[in-house]
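Below: the structure, in structure tokens.
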Amino acid sequence: ETGVTQTPRHLVMGMTNKKSLKCEQHLGHNAMYWYKQSAKKPLELMFVYSLEERVENNSVPSRFSPECPNSSHLFLHLHTLQPEDSALYLCASSQVWTPNYEQYFGPGTRLTVT
Amino acid sequence: SQQGEEDPQALSIQEGENATMNCSYKTSINNLQWYRQNSGRGLVHLILIRSNEREKHSGRLRVTLDTSKKSSSLLITASRAADTASYFCATPLQGAQKLVFGQGTRLTINP
């Protein structure tokens with residue numbers, strides 16, 4: 001148990017659906033991250049929020065829309081996804097927004113786009 | 001190009017043996033981190049070693065850092081079946097506020 005929870009754990013959606021992934025951290029951290037992990041690829045950073053402000057957006061397609069309503073919650077809204085978006089989506093948090101601190105990861109949401 | 005690369009890509013050993021994984025990186029860093037990921041789960045932070053440290057221990061884990069060779073190693077002693085997982089090194093990307101992860105070493109411990 002890392003103190004970071006994600007729901008749902010598994011999600012199957014069609015290309016025309018809209019769904020949201022939820023992440024919650026119970027660690028009092030100020031930074032939260034979304035990563036994508038595809039087979040045979042390194043972990044890809046998608047978005048970073050620091051003190052509820054988006055500070056990083058790594059050329060992610062607009063069909064992925066993040067939201068951070070407060071420092072404990074992070075959402076990833078999904079719409080009109082493509083089959084290549086099927087992957088494990090990981091949320092993480094760290095004490096502050098810096099690569100000099102360890103990150104705490106949630107268990108991930110396994111997304112399948114059909 | 002990737003900042004950190006692990007070697008080997010896969011490693012299979014018998015329970016009780018030691019496992020060594022290596023990580024090489026390209027640019028100067030101020031720290032290097034190791035993470036473990038069990039199949040289909042999130043990553044778990046293992047150790048952070050700073051650039052002015054040469055070796056760090058945590059239980060059965062020993063991490064070394066050689067900044068002159070831009071490399072790090074993770075040693076797991078007296079391996080157990082529960083150590084079966086993928087192990088990743090992560091380094092800060094120079095000039096950016098982000099960690100970059102390697103592709104990982106898949107470690108299998110055989111009973």
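Chain labels follow the order of the structure tokens: the first chain is A, the next B, and so on; residue numbering restarts at 1 in every chain, and ligands are counted from 1 in their shown order.
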
Trp97 (chain A) surroundings by only C-alpha atoms, 12 Å radius, close-in-sequence under 3 positions cut, as a ChimeraX atom specification: /A:29-33,47-56,92-94,100-103 /B:92,96-99

Atoms to include: N, CA and C atoms. Write the selected residues as a JSON list (two decimals), in the first residue's frame.
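What follows is the written file again_0.json:
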```json
[["chain", "number", "residue", "atom", "x", "y", "z"],
["A", 29, "HIS", "N", 1.08, 15.10, -0.44],
["A", 29, "HIS", "CA", 2.05, 15.55, -1.44],
["A", 29, "HIS", "C", 1.52, 16.72, -2.26],
["A", 30, "ASN", "N", 2.46, 17.48, -2.83],
["A", 30, "ASN", "CA", 2.08, 18.65, -3.62],
["A", 30, "ASN", "C", 2.09, 18.42, -5.13],
["A", 31, "ALA", "N", 2.70, 17.33, -5.58],
["A", 31, "ALA", "CA", 2.81, 17.07, -7.01],
["A", 31, "ALA", "C", 2.16, 15.74, -7.35],
["A", 32, "MET", "N", 1.48, 15.71, -8.48],
["A", 32, "MET", "CA", 0.84, 14.48, -8.96],
["A", 32, "MET", "C", 1.11, 14.32, -10.45],
["A", 33, "TYR", "N", 1.19, 13.06, -10.88],
["A", 33, "TYR", "CA", 1.63, 12.74, -12.23],
["A", 33, "TYR", "C", 0.72, 11.69, -12.86],
["A", 47, "PHE", "N", 1.34, 14.00, -17.88],
["A", 47, "PHE", "CA", 1.00, 15.29, -17.26],
["A", 47, "PHE", "C", 1.58, 15.36, -15.85],
["A", 48, "VAL", "N", 1.86, 16.60, -15.43],
["A", 48, "VAL", "CA", 2.29, 16.86, -14.06],
["A", 48, "VAL", "C", 1.49, 18.02, -13.52],
["A", 49, "TYR", "N", 1.03, 17.88, -12.29],
["A", 49, "TYR", "CA", 0.38, 18.97, -11.58],
["A", 49, "TYR", "C", 1.18, 19.27, -10.32],
["A", 50, "SER", "N", 1.44, 20.54, -10.09],
["A", 50, "SER", "CA", 2.11, 20.96, -8.88],
["A", 50, "SER", "C", 1.23, 22.00, -8.21],
["A", 51, "LEU", "N", 0.84, 21.74, -6.98],
["A", 51, "LEU", "CA", -0.06, 22.64, -6.25],
["A", 51, "LEU", "C", -1.29, 22.96, -7.10],
["A", 52, "GLU", "N", -1.83, 21.90, -7.71],
["A", 52, "GLU", "CA", -3.07, 21.95, -8.49],
["A", 52, "GLU", "C", -2.94, 22.71, -9.81],
["A", 53, "GLU", "N", -1.74, 23.08, -10.18],
["A", 53, "GLU", "CA", -1.54, 23.78, -11.45],
["A", 53, "GLU", "C", -0.79, 22.85, -12.41],
["A", 54, "ARG", "N", -1.29, 22.74, -13.65],
["A", 54, "ARG", "CA", -0.61, 21.88, -14.61],
["A", 54, "ARG", "C", 0.72, 22.51, -15.00],
["A", 55, "VAL", "N", 1.79, 21.78, -14.83],
["A", 55, "VAL", "CA", 3.12, 22.32, -15.12],
["A", 55, "VAL", "C", 3.82, 21.55, -16.23],
["A", 56, "GLU", "N", 3.26, 20.45, -16.66],
["A", 56, "GLU", "CA", 3.90, 19.65, -17.69],
["A", 56, "GLU", "C", 2.80, 18.99, -18.52],
["A", 92, "ALA", "N", 0.98, 8.91, -9.97],
["A", 92, "ALA", "CA", 2.02, 8.97, -8.95],
["A", 92, "ALA", "C", 1.98, 10.32, -8.26],
["A", 93, "SER", "N", 2.58, 10.37, -7.09],
["A", 93, "SER", "CA", 2.69, 11.65, -6.38],
["A", 93, "SER", "C", 4.08, 11.76, -5.77],
["A", 94, "SER", "N", 4.48, 12.99, -5.51],
["A", 94, "SER", "CA", 5.73, 13.22, -4.80],
["A", 94, "SER", "C", 5.56, 14.43, -3.91],
["A", 100, "ASN", "N", 14.16, 15.03, -7.74],
["A", 100, "ASN", "CA", 15.09, 14.67, -6.68],
["A", 100, "ASN", "C", 14.40, 14.02, -5.48],
["A", 101, "TYR", "N", 13.12, 13.78, -5.61],
["A", 101, "TYR", "CA", 12.36, 13.08, -4.58],
["A", 101, "TYR", "C", 11.76, 11.81, -5.18],
["A", 102, "GLU", "N", 11.56, 10.82, -4.32],
["A", 102, "GLU", "CA", 10.95, 9.59, -4.81],
["A", 102, "GLU", "C", 9.48, 9.83, -5.14],
["A", 103, "GLN", "N", 8.98, 9.03, -6.07],
["A", 103, "GLN", "CA", 7.59, 9.10, -6.44],
["A", 103, "GLN", "C", 6.86, 7.86, -5.92],
["B", 92, "PRO", "N", 16.94, 12.00, -13.39],
["B", 92, "PRO", "CA", 16.39, 13.28, -13.81],
["B", 92, "PRO", "C", 16.86, 13.61, -15.22],
["B", 96, "ALA", "N", 15.28, 19.56, -17.25],
["B", 96, "ALA", "CA", 13.83, 19.40, -17.13],
["B", 96, "ALA", "C", 13.50, 18.87, -15.75],
["B", 97, "GLN", "N", 12.30, 19.15, -15.33],
["B", 97, "GLN", "CA", 11.86, 18.70, -14.01],
["B", 97, "GLN", "C", 11.13, 17.38, -14.13],
["B", 98, "LYS", "N", 11.81, 16.36, -14.65],
["B", 98, "LYS", "CA", 11.14, 15.09, -14.74],
["B", 98, "LYS", "C", 12.11, 13.94, -14.64],
["B", 99, "LEU", "N", 11.57, 12.81, -14.17],
["B", 99, "LEU", "CA", 12.30, 11.57, -14.10],
["B", 99, "LEU", "C", 12.10, 10.82, -15.39]]
```

In chain A, DSSP strand (DSSP E) residues written as an NGL selection string: :A and (4-7 or 10-13 or 18-25 or 31-37 or 44-50 or 53-57 or 64-70 or 73-79 or 87-94 or 104-105 or 109-113)

Looking at B:Asp83, B:Gly4, B:Pro111, B:Ala90, which one is nearest to Gln33 (chain B), with distances taken over only C-alpha atoms?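 When distances to Gln33 (chain B) are compared using only C-alpha atoms, the smallest one comes from B:Ala90.
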
Residues of chain B within 10 Å of chain A, counting only C-alpha atoms, as a PyMOL selection string: chain B and resi 2+4-5+29-35+37-38+40-50+88+90-93+96-104

Resulting file, chosen residues, C-alpha atoms, as an mmCIF file, in the first residue's frame:
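The result, written out as again.cif:
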```cif
data_model
loop_
_atom_site.group_PDB
_atom_site.id
_atom_site.type_symbol
_atom_site.label_atom_id
_atom_site.label_comp_id
_atom_site.auth_asym_id
_atom_site.auth_seq_id
_atom_site.Cartn_x
_atom_site.Cartn_y
_atom_site.Cartn_z
ATOM 1 C CA GLN B 2 16.611 7.209 -23.410
ATOM 2 C CA GLY B 4 18.737 5.352 -18.549
ATOM 3 C CA GLU B 5 19.052 1.831 -19.879
ATOM 4 C CA ILE B 29 22.773 13.599 -12.735
ATOM 5 C CA ASN B 30 22.348 14.588 -9.116
ATOM 6 C CA ASN B 31 20.552 11.397 -8.139
ATOM 7 C CA LEU B 32 19.467 8.023 -9.460
ATOM 8 C CA GLN B 33 16.493 6.000 -8.290
ATOM 9 C CA TRP B 34 15.556 2.339 -8.486
ATOM 10 C CA TYR B 35 11.979 1.084 -8.609
ATOM 11 C CA GLN B 37 7.176 -3.296 -10.452
ATOM 12 C CA ASN B 38 5.299 -6.520 -9.917
ATOM 13 C CA GLY B 40 0.642 -5.336 -13.966
ATOM 14 C CA ARG B 41 0.989 -3.235 -10.811
ATOM 15 C CA GLY B 42 2.365 0.167 -9.925
ATOM 16 C CA LEU B 43 6.002 0.922 -9.302
ATOM 17 C CA VAL B 44 7.448 0.840 -5.808
ATOM 18 C CA HIS B 45 10.379 3.047 -4.893
ATOM 19 C CA LEU B 46 13.385 1.103 -3.612
ATOM 20 C CA ILE B 47 16.371 3.402 -3.215
ATOM 21 C CA LEU B 48 17.500 6.909 -4.151
ATOM 22 C CA ILE B 49 21.249 7.425 -4.366
ATOM 23 C CA ARG B 50 22.716 10.914 -4.721
ATOM 24 C CA PHE B 88 13.712 0.139 -13.317
ATOM 25 C CA ALA B 90 15.175 6.458 -13.169
ATOM 26 C CA THR B 91 17.228 9.587 -13.574
ATOM 27 C CA PRO B 92 16.388 13.283 -13.813
ATOM 28 C CA LEU B 93 16.330 14.581 -17.371
ATOM 29 C CA ALA B 96 13.833 19.402 -17.130
ATOM 30 C CA GLN B 97 11.857 18.696 -14.010
ATOM 31 C CA LYS B 98 11.140 15.093 -14.743
ATOM 32 C CA LEU B 99 12.299 11.566 -14.101
ATOM 33 C CA VAL B 100 13.072 9.374 -17.058
ATOM 34 C CA PHE B 101 12.701 5.631 -16.633
ATOM 35 C CA GLY B 102 14.552 2.890 -18.437
ATOM 36 C CA GLN B 103 12.867 -0.107 -20.013
ATOM 37 C CA GLY B 104 13.644 -2.282 -17.031
#
```

What lies within 10 Å of Ser24 (chain B) using only C-alpha atoms, ignoring chain neighbours under 4 positions off, as a PDB file with all heavy atoms, in the first residue's frame?
```
ATOM      1  N   GLN B   2      16.876   7.441 -24.817  1.00  0.00           N
ATOM      2  CA  GLN B   2      16.611   7.209 -23.410  1.00  0.00           C
ATOM      3  C   GLN B   2      17.752   7.734 -22.563  1.00  0.00           C
ATOM      4  O   GLN B   2      18.914   7.678 -22.945  1.00  0.00           O
ATOM      5  CB  GLN B   2      16.440   5.710 -23.158  1.00  0.00           C
ATOM      6  CG  GLN B   2      15.181   5.148 -23.798  1.00  0.00           C
ATOM      7  CD  GLN B   2      15.152   3.634 -23.708  1.00  0.00           C
ATOM      8  OE1 GLN B   2      14.816   2.973 -24.664  1.00  0.00           O
ATOM      9  NE2 GLN B   2      15.539   3.074 -22.582  1.00  0.00           N
ATOM     10  N   GLN B   3      17.402   8.185 -21.358  1.00  0.00           N
ATOM     11  CA  GLN B   3      18.416   8.636 -20.434  1.00  0.00           C
ATOM     12  C   GLN B   3      19.056   7.443 -19.742  1.00  0.00           C
ATOM     13  O   GLN B   3      20.259   7.362 -19.616  1.00  0.00           O
ATOM     14  CB  GLN B   3      17.780   9.591 -19.407  1.00  0.00           C
ATOM     15  CG  GLN B   3      18.603   9.866 -18.181  1.00  0.00           C
ATOM     16  CD  GLN B   3      19.844  10.683 -18.448  1.00  0.00           C
ATOM     17  OE1 GLN B   3      20.442  10.595 -19.501  1.00  0.00           O
ATOM     18  NE2 GLN B   3      20.243  11.464 -17.475  1.00  0.00           N
ATOM     19  N   GLY B   4      18.220   6.505 -19.270  1.00  0.00           N
ATOM     20  CA  GLY B   4      18.737   5.352 -18.549  1.00  0.00           C
ATOM     21  C   GLY B   4      18.371   4.061 -19.257  1.00  0.00           C
ATOM     22  O   GLY B   4      17.271   3.918 -19.778  1.00  0.00           O
ATOM     23  N   GLU B   5      19.317   3.133 -19.279  1.00  0.00           N
ATOM     24  CA  GLU B   5      19.052   1.831 -19.879  1.00  0.00           C
ATOM     25  C   GLU B   5      19.531   0.746 -18.947  1.00  0.00           C
ATOM     26  O   GLU B   5      20.673   0.780 -18.467  1.00  0.00           O
ATOM     27  CB  GLU B   5      19.769   1.708 -21.222  1.00  0.00           C
ATOM     28  CG  GLU B   5      19.248   2.661 -22.274  1.00  0.00           C
ATOM     29  CD  GLU B   5      19.846   2.420 -23.648  1.00  0.00           C
ATOM     30  OE1 GLU B   5      20.427   1.344 -23.871  1.00  0.00           O
ATOM     31  OE2 GLU B   5      19.759   3.323 -24.487  1.00  0.00           O
ATOM     32  N   GLU B   6      18.658  -0.232 -18.694  1.00  0.00           N
ATOM     33  CA  GLU B   6      19.023  -1.326 -17.801  1.00  0.00           C
ATOM     34  C   GLU B   6      19.605  -2.493 -18.596  1.00  0.00           C
ATOM     35  O   GLU B   6      19.275  -2.715 -19.759  1.00  0.00           O
ATOM     36  CB  GLU B   6      17.793  -1.825 -17.020  1.00  0.00           C
ATOM     37  CG  GLU B   6      17.255  -0.835 -15.999  1.00  0.00           C
ATOM     38  CD  GLU B   6      16.219   0.076 -16.598  1.00  0.00           C
ATOM     39  OE1 GLU B   6      16.104   0.117 -17.840  1.00  0.00           O
ATOM     40  OE2 GLU B   6      15.513   0.741 -15.834  1.00  0.00           O
ATOM     41  N   ASP B   7      20.422  -3.240 -17.898  1.00  0.00           N
ATOM     42  CA  ASP B   7      21.053  -4.418 -18.499  1.00  0.00           C
ATOM     43  C   ASP B   7      21.234  -5.460 -17.400  1.00  0.00           C
ATOM     44  O   ASP B   7      21.683  -5.102 -16.307  1.00  0.00           O
ATOM     45  CB  ASP B   7      22.398  -4.003 -19.102  1.00  0.00           C
ATOM     46  CG  ASP B   7      23.218  -5.190 -19.531  1.00  0.00           C
ATOM     47  OD1 ASP B   7      22.775  -5.890 -20.469  1.00  0.00           O
ATOM     48  OD2 ASP B   7      24.286  -5.445 -18.925  1.00  0.00           O
ATOM     49  N   LEU B  65      26.845   3.544  -7.324  1.00  0.00           N
ATOM     50  CA  LEU B  65      26.794   4.589  -8.352  1.00  0.00           C
ATOM     51  C   LEU B  65      28.212   4.978  -8.714  1.00  0.00           C
ATOM     52  O   LEU B  65      29.010   5.316  -7.833  1.00  0.00           O
ATOM     53  CB  LEU B  65      26.019   5.800  -7.845  1.00  0.00           C
ATOM     54  CG  LEU B  65      25.887   6.978  -8.809  1.00  0.00           C
ATOM     55  CD1 LEU B  65      25.092   6.593 -10.052  1.00  0.00           C
ATOM     56  CD2 LEU B  65      25.249   8.178  -8.109  1.00  0.00           C
ATOM     57  N   ASP B  66      28.517   4.928  -9.989  1.00  0.00           N
ATOM     58  CA  ASP B  66      29.825   5.356 -10.503  1.00  0.00           C
ATOM     59  C   ASP B  66      29.572   6.482 -11.496  1.00  0.00           C
ATOM     60  O   ASP B  66      29.240   6.237 -12.658  1.00  0.00           O
ATOM     61  CB  ASP B  66      30.537   4.176 -11.168  1.00  0.00           C
ATOM     62  CG  ASP B  66      31.963   4.504 -11.568  1.00  0.00           C
ATOM     63  OD1 ASP B  66      32.276   5.706 -11.790  1.00  0.00           O
ATOM     64  OD2 ASP B  66      32.776   3.579 -11.672  1.00  0.00           O
ATOM     65  N   THR B  67      29.727   7.706 -11.037  1.00  0.00           N
ATOM     66  CA  THR B  67      29.410   8.845 -11.904  1.00  0.00           C
ATOM     67  C   THR B  67      30.441   9.011 -13.021  1.00  0.00           C
ATOM     68  O   THR B  67      30.106   9.565 -14.059  1.00  0.00           O
ATOM     69  CB  THR B  67      29.325  10.139 -11.084  1.00  0.00           C
ATOM     70  OG1 THR B  67      30.525  10.291 -10.325  1.00  0.00           O
ATOM     71  CG2 THR B  67      28.128  10.111 -10.144  1.00  0.00           C
ATOM     72  N   LYS B  69      31.659   6.598 -14.772  1.00  0.00           N
ATOM     73  CA  LYS B  69      31.238   5.684 -15.832  1.00  0.00           C
ATOM     74  C   LYS B  69      29.765   5.863 -16.191  1.00  0.00           C
ATOM     75  O   LYS B  69      29.245   5.176 -17.068  1.00  0.00           O
ATOM     76  CB  LYS B  69      31.468   4.234 -15.386  1.00  0.00           C
ATOM     77  CG  LYS B  69      32.925   3.866 -15.199  1.00  0.00           C
ATOM     78  CD  LYS B  69      33.072   2.414 -14.799  1.00  0.00           C
ATOM     79  CE  LYS B  69      34.546   2.059 -14.622  1.00  0.00           C
ATOM     80  NZ  LYS B  69      34.732   0.658 -14.168  1.00  0.00           N
ATOM     81  N   LYS B  70      29.099   6.777 -15.482  1.00  0.00           N
ATOM     82  CA  LYS B  70      27.669   7.004 -15.707  1.00  0.00           C
ATOM     83  C   LYS B  70      26.918   5.670 -15.632  1.00  0.00           C
ATOM     84  O   LYS B  70      26.195   5.277 -16.559  1.00  0.00           O
ATOM     85  CB  LYS B  70      27.411   7.697 -17.040  1.00  0.00           C
ATOM     86  CG  LYS B  70      27.921   9.137 -17.092  1.00  0.00           C
ATOM     87  CD  LYS B  70      27.485   9.843 -18.372  1.00  0.00           C
ATOM     88  CE  LYS B  70      27.750  11.344 -18.313  1.00  0.00           C
ATOM     89  NZ  LYS B  70      29.157  11.684 -18.086  1.00  0.00           N
ATOM     90  N   SER B  71      27.113   4.988 -14.518  1.00  0.00           N
ATOM     91  CA  SER B  71      26.437   3.703 -14.368  1.00  0.00           C
ATOM     92  C   SER B  71      26.105   3.446 -12.906  1.00  0.00           C
ATOM     93  O   SER B  71      26.739   3.992 -11.989  1.00  0.00           O
ATOM     94  CB  SER B  71      27.305   2.570 -14.922  1.00  0.00           C
ATOM     95  OG  SER B  71      28.447   2.396 -14.112  1.00  0.00           O
ATOM     96  N   SER B  72      25.120   2.591 -12.709  1.00  0.00           N
ATOM     97  CA  SER B  72      24.680   2.189 -11.381  1.00  0.00           C
ATOM     98  C   SER B  72      24.356   0.705 -11.424  1.00  0.00           C
ATOM     99  O   SER B  72      24.020   0.160 -12.483  1.00  0.00           O
ATOM    100  CB  SER B  72      23.432   2.979 -10.967  1.00  0.00           C
ATOM    101  OG  SER B  72      22.915   2.505  -9.734  1.00  0.00           O
ATOM    102  N   SER B  73      24.476   0.057 -10.285  1.00  0.00           N
ATOM    103  CA  SER B  73      24.067  -1.343 -10.213  1.00  0.00           C
ATOM    104  C   SER B  73      23.187  -1.561  -8.998  1.00  0.00           C
ATOM    105  O   SER B  73      23.326  -0.874  -7.978  1.00  0.00           O
ATOM    106  CB  SER B  73      25.285  -2.267 -10.152  1.00  0.00           C
ATOM    107  OG  SER B  73      25.968  -2.089  -8.937  1.00  0.00           O
ATOM    108  N   CYS B  89      15.545   1.700 -13.392  1.00  0.00           N
ATOM    109  CA  CYS B  89      16.271   2.847 -12.868  1.00  0.00           C
ATOM    110  C   CYS B  89      15.634   4.105 -13.458  1.00  0.00           C
ATOM    111  O   CYS B  89      15.042   4.067 -14.535  1.00  0.00           O
ATOM    112  CB  CYS B  89      17.759   2.775 -13.199  1.00  0.00           C
ATOM    113  SG  CYS B  89      18.179   2.929 -14.946  1.00  0.00           S
ATOM    114  N   THR B  91      16.317   8.470 -13.773  1.00  0.00           N
ATOM    115  CA  THR B  91      17.228   9.587 -13.574  1.00  0.00           C
ATOM    116  C   THR B  91      16.546  10.887 -13.984  1.00  0.00           C
ATOM    117  O   THR B  91      15.674  10.883 -14.862  1.00  0.00           O
ATOM    118  CB  THR B  91      18.508   9.409 -14.417  1.00  0.00           C
ATOM    119  OG1 THR B  91      18.141   9.158 -15.772  1.00  0.00           O
ATOM    120  CG2 THR B  91      19.349   8.268 -13.901  1.00  0.00           C
ATOM    121  N   GLY B 102      14.077   3.832 -17.441  1.00  0.00           N
ATOM    122  CA  GLY B 102      14.552   2.890 -18.437  1.00  0.00           C
ATOM    123  C   GLY B 102      13.485   1.869 -18.761  1.00  0.00           C
ATOM    124  O   GLY B 102      12.371   1.923 -18.228  1.00  0.00           O
TER     125      GLY B 102
END
```

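Relative to CA of Gln14 (chain B), CA of Thr84 (chain B) is found at 10.9 Å.
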
Pick out the residues sitting within 8 Å of Arg63 (chain A), and hand them over as a ChimeraX atom specification; count only C-alpha atoms, and ignore anything fewer than 3 positions along from it in its own chain. /A:77-81
